[in-house]
$ cat structure.txt   # compact mmCIF, C-alpha atoms
# COMPACT_ATOMS: atom_id res chain seq x y z
CA MET O 1 -6.36 19.48 -56.05
CA MET O 2 -4.99 19.62 -52.53
CA ALA O 3 -2.64 22.21 -51.05
CA MET O 4 1.02 21.43 -51.39
CA SER O 5 3.84 22.33 -49.06
CA GLU O 6 7.08 24.13 -49.83
CA PHE O 7 8.80 20.74 -49.68
CA GLU O 8 6.46 19.23 -52.30
CA LEU O 9 6.60 22.25 -54.62
CA LYS O 10 10.39 22.34 -54.39
CA ALA O 11 10.54 18.60 -55.13
CA LEU O 12 8.45 19.15 -58.29
CA MET O 13 10.74 22.02 -59.32
CA LEU O 14 13.85 19.90 -58.79
CA LEU O 15 12.37 17.02 -60.79
CA SER O 16 11.47 19.53 -63.50
CA LEU O 17 15.02 20.87 -63.60
CA ASP O 18 16.24 17.29 -63.95
CA GLY O 19 14.07 16.84 -67.06
CA ASP O 20 10.85 15.32 -65.71
CA GLU O 21 8.21 16.78 -68.04
CA ASN O 22 5.27 15.38 -66.06
CA ALA O 23 6.56 17.01 -62.87
CA TYR O 24 6.96 20.30 -64.75
CA ARG O 25 3.39 20.17 -66.12
CA CYS O 26 2.09 19.34 -62.65
CA LEU O 27 4.12 22.19 -61.12
CA LEU O 28 2.81 24.69 -63.68
CA GLY O 29 -0.78 23.63 -63.01
CA ILE O 30 -0.38 24.08 -59.27
CA LEU O 31 1.41 27.40 -59.69
CA ARG O 32 -1.37 28.61 -61.98
CA HIS O 33 -3.84 28.13 -59.11
CA LEU O 34 -1.53 29.85 -56.65
CA LEU O 35 -1.02 32.78 -58.99
CA GLU O 36 -4.71 33.15 -59.71
CA SER O 37 -5.40 33.63 -56.02
CA TYR O 38 -2.30 35.75 -55.49
CA PHE O 39 -3.14 38.24 -58.25
CA LYS O 40 -6.90 38.35 -57.65
CA ARG O 41 -6.26 39.43 -54.07
CA ARG O 42 -3.94 42.21 -55.21
CA LEU O 43 -5.73 43.61 -58.22
CA ALA O 44 -8.92 45.60 -58.45
CA SER O 45 -8.96 45.08 -62.18
CA ASN O 46 -10.54 42.70 -64.63
CA ALA O 47 -9.94 39.00 -65.12
CA GLN O 48 -7.91 39.70 -68.25
CA ASP O 49 -5.23 41.48 -66.18
CA THR O 50 -5.08 38.50 -63.83
CA ASP O 51 -4.79 36.05 -66.73
CA ASP O 52 -2.09 38.17 -68.37
CA LEU O 53 -0.09 38.34 -65.12
CA ILE O 54 -0.39 34.58 -64.64
CA GLN O 55 0.92 33.97 -68.16
CA ASP O 56 3.74 36.53 -67.73
CA THR O 57 4.80 34.97 -64.43
CA LEU O 58 4.75 31.40 -65.72
CA LEU O 59 6.72 32.48 -68.79
CA ALA O 60 9.26 34.23 -66.55
CA LEU O 61 9.49 31.07 -64.42
CA HIS O 62 10.14 29.04 -67.56
CA GLN O 63 12.78 31.46 -68.83
CA ARG O 64 14.54 31.84 -65.47
CA ARG O 65 14.22 28.32 -64.09
CA ILE O 66 17.89 27.62 -64.78
CA THR O 67 18.78 30.40 -62.29
CA TYR O 68 16.94 28.70 -59.42
CA ASP O 69 19.31 27.83 -56.56
CA ARG O 70 18.45 24.27 -55.48
CA GLU O 71 19.52 25.05 -51.91
CA ARG O 72 17.00 27.88 -51.46
CA PRO O 73 13.24 27.72 -50.80
CA PHE O 74 11.35 27.46 -54.08
CA THR O 75 8.25 29.46 -53.10
CA ALA O 76 10.29 32.48 -51.99
CA TRP O 77 12.02 32.53 -55.38
CA PHE O 78 8.76 31.99 -57.24
CA PHE O 79 6.77 34.66 -55.38
CA THR O 80 9.61 37.12 -55.97
CA ILE O 81 9.03 36.64 -59.69
CA ALA O 82 5.27 37.12 -59.19
CA ARG O 83 5.80 40.31 -57.16
CA HIS O 84 8.08 41.73 -59.86
CA LYS O 85 5.45 40.99 -62.50
CA LEU O 86 2.81 42.74 -60.37
CA VAL O 87 5.04 45.81 -59.94
CA ASP O 88 5.69 45.85 -63.71
CA HIS O 89 1.94 45.66 -64.30
CA HIS O 90 1.33 48.71 -62.09
CA ARG O 91 4.14 50.64 -63.78
CA ARG O 92 2.67 49.92 -67.22
CA ARG O 93 -0.64 51.29 -65.97
CA GLY O 94 1.10 54.46 -64.82
CA GLY O 95 0.51 53.62 -61.19
CA ARG O 96 -3.20 54.26 -61.61
CA SER O 97 -4.30 50.71 -60.90
CA VAL O 98 -5.96 50.24 -57.57
CA VAL O 99 -4.56 47.44 -55.47
CA SER O 100 -7.27 45.61 -53.59
CA LEU O 101 -6.85 45.90 -49.83
CA GLU O 102 -9.40 43.21 -49.11
CA LEU O 103 -7.80 40.16 -47.56
CA VAL O 104 -9.17 36.80 -48.52
CA GLU O 105 -8.83 34.15 -45.83
CA GLY O 106 -9.49 31.07 -47.92
CA VAL O 107 -7.65 30.65 -51.16
CA ALA O 108 -9.04 28.60 -54.03
CA ASP O 109 -8.25 24.91 -53.84
CA GLY O 110 -6.83 25.20 -50.35
CA TYR O 111 -3.77 27.21 -51.35
CA SER O 112 -2.71 30.02 -49.11
CA GLU O 113 0.25 32.29 -49.49
CA ASP O 114 0.22 32.76 -45.70
CA ALA O 115 0.39 28.99 -45.21
CA ILE O 116 3.31 28.72 -47.61
CA LEU O 117 5.13 31.59 -45.92
CA ALA O 118 4.47 30.03 -42.51
CA SER O 119 5.85 26.74 -43.79
CA MET O 120 8.95 28.57 -45.00
CA ASP O 121 9.35 30.16 -41.54
CA VAL O 122 9.15 26.72 -39.93
CA GLU O 123 11.73 25.36 -42.36
CA ARG O 124 14.02 28.31 -41.65
CA LEU O 125 13.70 27.66 -37.90
CA LEU O 126 14.32 23.95 -38.31
CA SER O 127 17.45 24.66 -40.34
CA GLY O 128 18.97 26.16 -37.17
CA ILE O 129 19.12 22.83 -35.34
CA PRO O 130 20.89 19.60 -36.31
CA ALA O 131 19.38 17.96 -39.39
CA TRP O 132 18.66 14.67 -37.62
CA GLN O 133 16.77 16.49 -34.88
CA SER O 134 14.78 18.66 -37.27
CA GLU O 135 13.83 15.50 -39.19
CA LEU O 136 12.48 13.91 -36.00
CA ILE O 137 10.45 17.06 -35.24
CA ARG O 138 9.14 17.10 -38.81
CA ARG O 139 7.99 13.49 -38.60
CA VAL O 140 6.41 13.63 -35.13
CA ARG O 141 5.08 17.19 -34.87
CA LEU O 142 4.50 18.29 -38.47
CA GLU O 143 3.59 15.05 -40.23
CA GLY O 144 1.80 13.55 -37.22
CA ARG O 145 3.67 10.25 -37.23
CA SER O 146 3.82 8.28 -34.02
CA VAL O 147 6.93 8.20 -31.86
CA ALA O 148 7.13 4.44 -32.42
CA GLU O 149 6.93 4.80 -36.20
CA THR O 150 9.52 7.59 -36.18
CA ALA O 151 11.84 5.57 -33.95
CA ALA O 152 11.62 2.57 -36.26
CA ALA O 153 12.25 4.67 -39.37
CA SER O 154 15.18 6.57 -37.83
CA GLY O 155 16.85 3.65 -36.05
CA LYS O 156 16.59 5.43 -32.70
CA THR O 157 14.80 4.31 -29.56
CA GLU O 158 11.39 5.74 -28.72
CA ALA O 159 12.89 7.40 -25.64
CA MET O 160 15.59 9.01 -27.79
CA VAL O 161 12.97 10.31 -30.25
CA LYS O 162 10.86 11.78 -27.42
CA VAL O 163 13.85 13.45 -25.76
CA SER O 164 15.23 14.74 -29.08
CA VAL O 165 11.89 16.21 -30.14
CA HIS O 166 11.39 17.80 -26.71
CA ARG O 167 14.88 19.33 -26.66
CA GLY O 168 14.58 20.45 -30.27
CA ILE O 169 11.28 22.22 -29.60
CA LYS O 170 12.83 23.79 -26.51
CA ALA O 171 15.79 25.03 -28.61
CA LEU O 172 13.43 26.44 -31.25
CA ALA O 173 11.42 28.26 -28.58
CA ALA O 174 14.62 29.74 -27.13
CA ARG O 175 15.64 30.84 -30.61
CA LEU O 176 12.31 32.56 -31.12
CA ARG O 177 12.82 34.41 -27.84
CA GLY O 178 16.25 35.51 -29.04
CA GLU O 179 18.13 33.27 -26.65
CA ARG O 180 20.89 30.87 -27.52
CA GLY O 181 19.55 27.36 -26.95
CA GLU O 182 21.52 24.23 -26.36
CA ASN O 183 21.66 23.66 -30.14
CA GLY O 184 22.37 27.26 -31.07
$ encode --input "structure.txt" --output "structure tokens"
Amino acid sequence: MMAMSEFELKALMLLSLDGDENAYRCLLGILRHLLESYFKRRLASNAQDTDDLIQDTLLALHQRRITYDRERPFTAWFFTIARHKLVDHHRRRGGRSVVSLELVEGVADGYSEDAILASMDVERLLSGIPAWQSELIRRVRLEGRSVAETAAASGKTEAMVKVSVHRGIKALAARLRGERGENG
């Protein structure tokens, strides 16, 4: 199973909300892997606790899925549920559980909470520039498509794609520095 982006996980969630049972089963399987890694890194307890937390979180997801705001990032919403379940777990244990401080760089099956959070940061940044420009940046810089391919798909000239991507990146950099760019 390969790592999935925020975009792909959100798409599965949206399909699930629209009644696609296969998408929902697929989403639950992927989330199970994410949760296994997430809880193992945070618990110094046995595998049973991890399994219980995974089940509790997936059940909470199922029960609360109708409350998901389709306009918001899915993984932020989902990991909020997971964090609440972890806090509840520690409260039930009277706060005596030891949280593992060891950081694991590689997560099973290529999933990484850090990678998902980084992807969310990129999406948040891209939301601050015009949608057409962020889409060009996504295609060329994030997906690795060629300028020619992106130009053909977007109906813009190659020169326009190059200039738009360059200016968009420049605006994002200015935003990161706290400046107001030409798009902000």
$ axis_aligned_box --input "structure.txt" --around "region 46-65 of chain O" --padding-each-side "8 Å" --output "lines of an AutoDock Vina configuration file"
center_x = 2.0
center_y = 35.5
center_z = -66.3
size_x = 41.1
size_y = 30.4
size_z = 21.0
$ atom_distance --input "structure.txt" --atom1 "CA of His62 (chain O)" --atom2 "CA of His90 (chain O)"
22.2 Å
$ atom_distance --input "structure.txt" --atom1 "CA of Tyr68 (chain O)" --atom2 "CA of Asp52 (chain O)"
23.1 Å
$ residues_around --input "structure.txt" --residues "Thr50 (chain O)" --least-positions-apart "2" --cutoff "12 Å" --atoms "only C-alpha atoms" --output "VMD selection string"
chain O and resid 32 to 48 52 to 57 82 85 to 86 89
$ closest_residue --input "structure.txt" --among "O:Ala151, O:Ala173, O:Leu14, O:Val163" --to "Pro73 (chain O)" --atoms "only C-alpha atoms"
O:Leu14
$ residues_near_point --input "structure.txt" --point "(14.3, 28.6, -37.5)" --cutoff "10 Å" --atoms "only C-alpha atoms" --output "ChimeraX atom specification"
/O:120-129,134,171-173,175-176
$ atom_distance --input "structure.txt" --atom1 "CA of Ala152 (chain O)" --atom2 "CA of Leu136 (chain O)"
11.4 Å
$ closest_residue --input "structure.txt" --among "O:Leu15, O:Thr150, O:Gly178, O:Asp49" --to "Arg92 (chain O)" --atoms "all atoms listed in the file"
O:Asp49
$ closest_residue --input "structure.txt" --among "O:Thr80, O:Thr157, O:Ser16, O:Gln133" --to "Arg65 (chain O)" --atoms "only C-alpha atoms"
O:Ser16
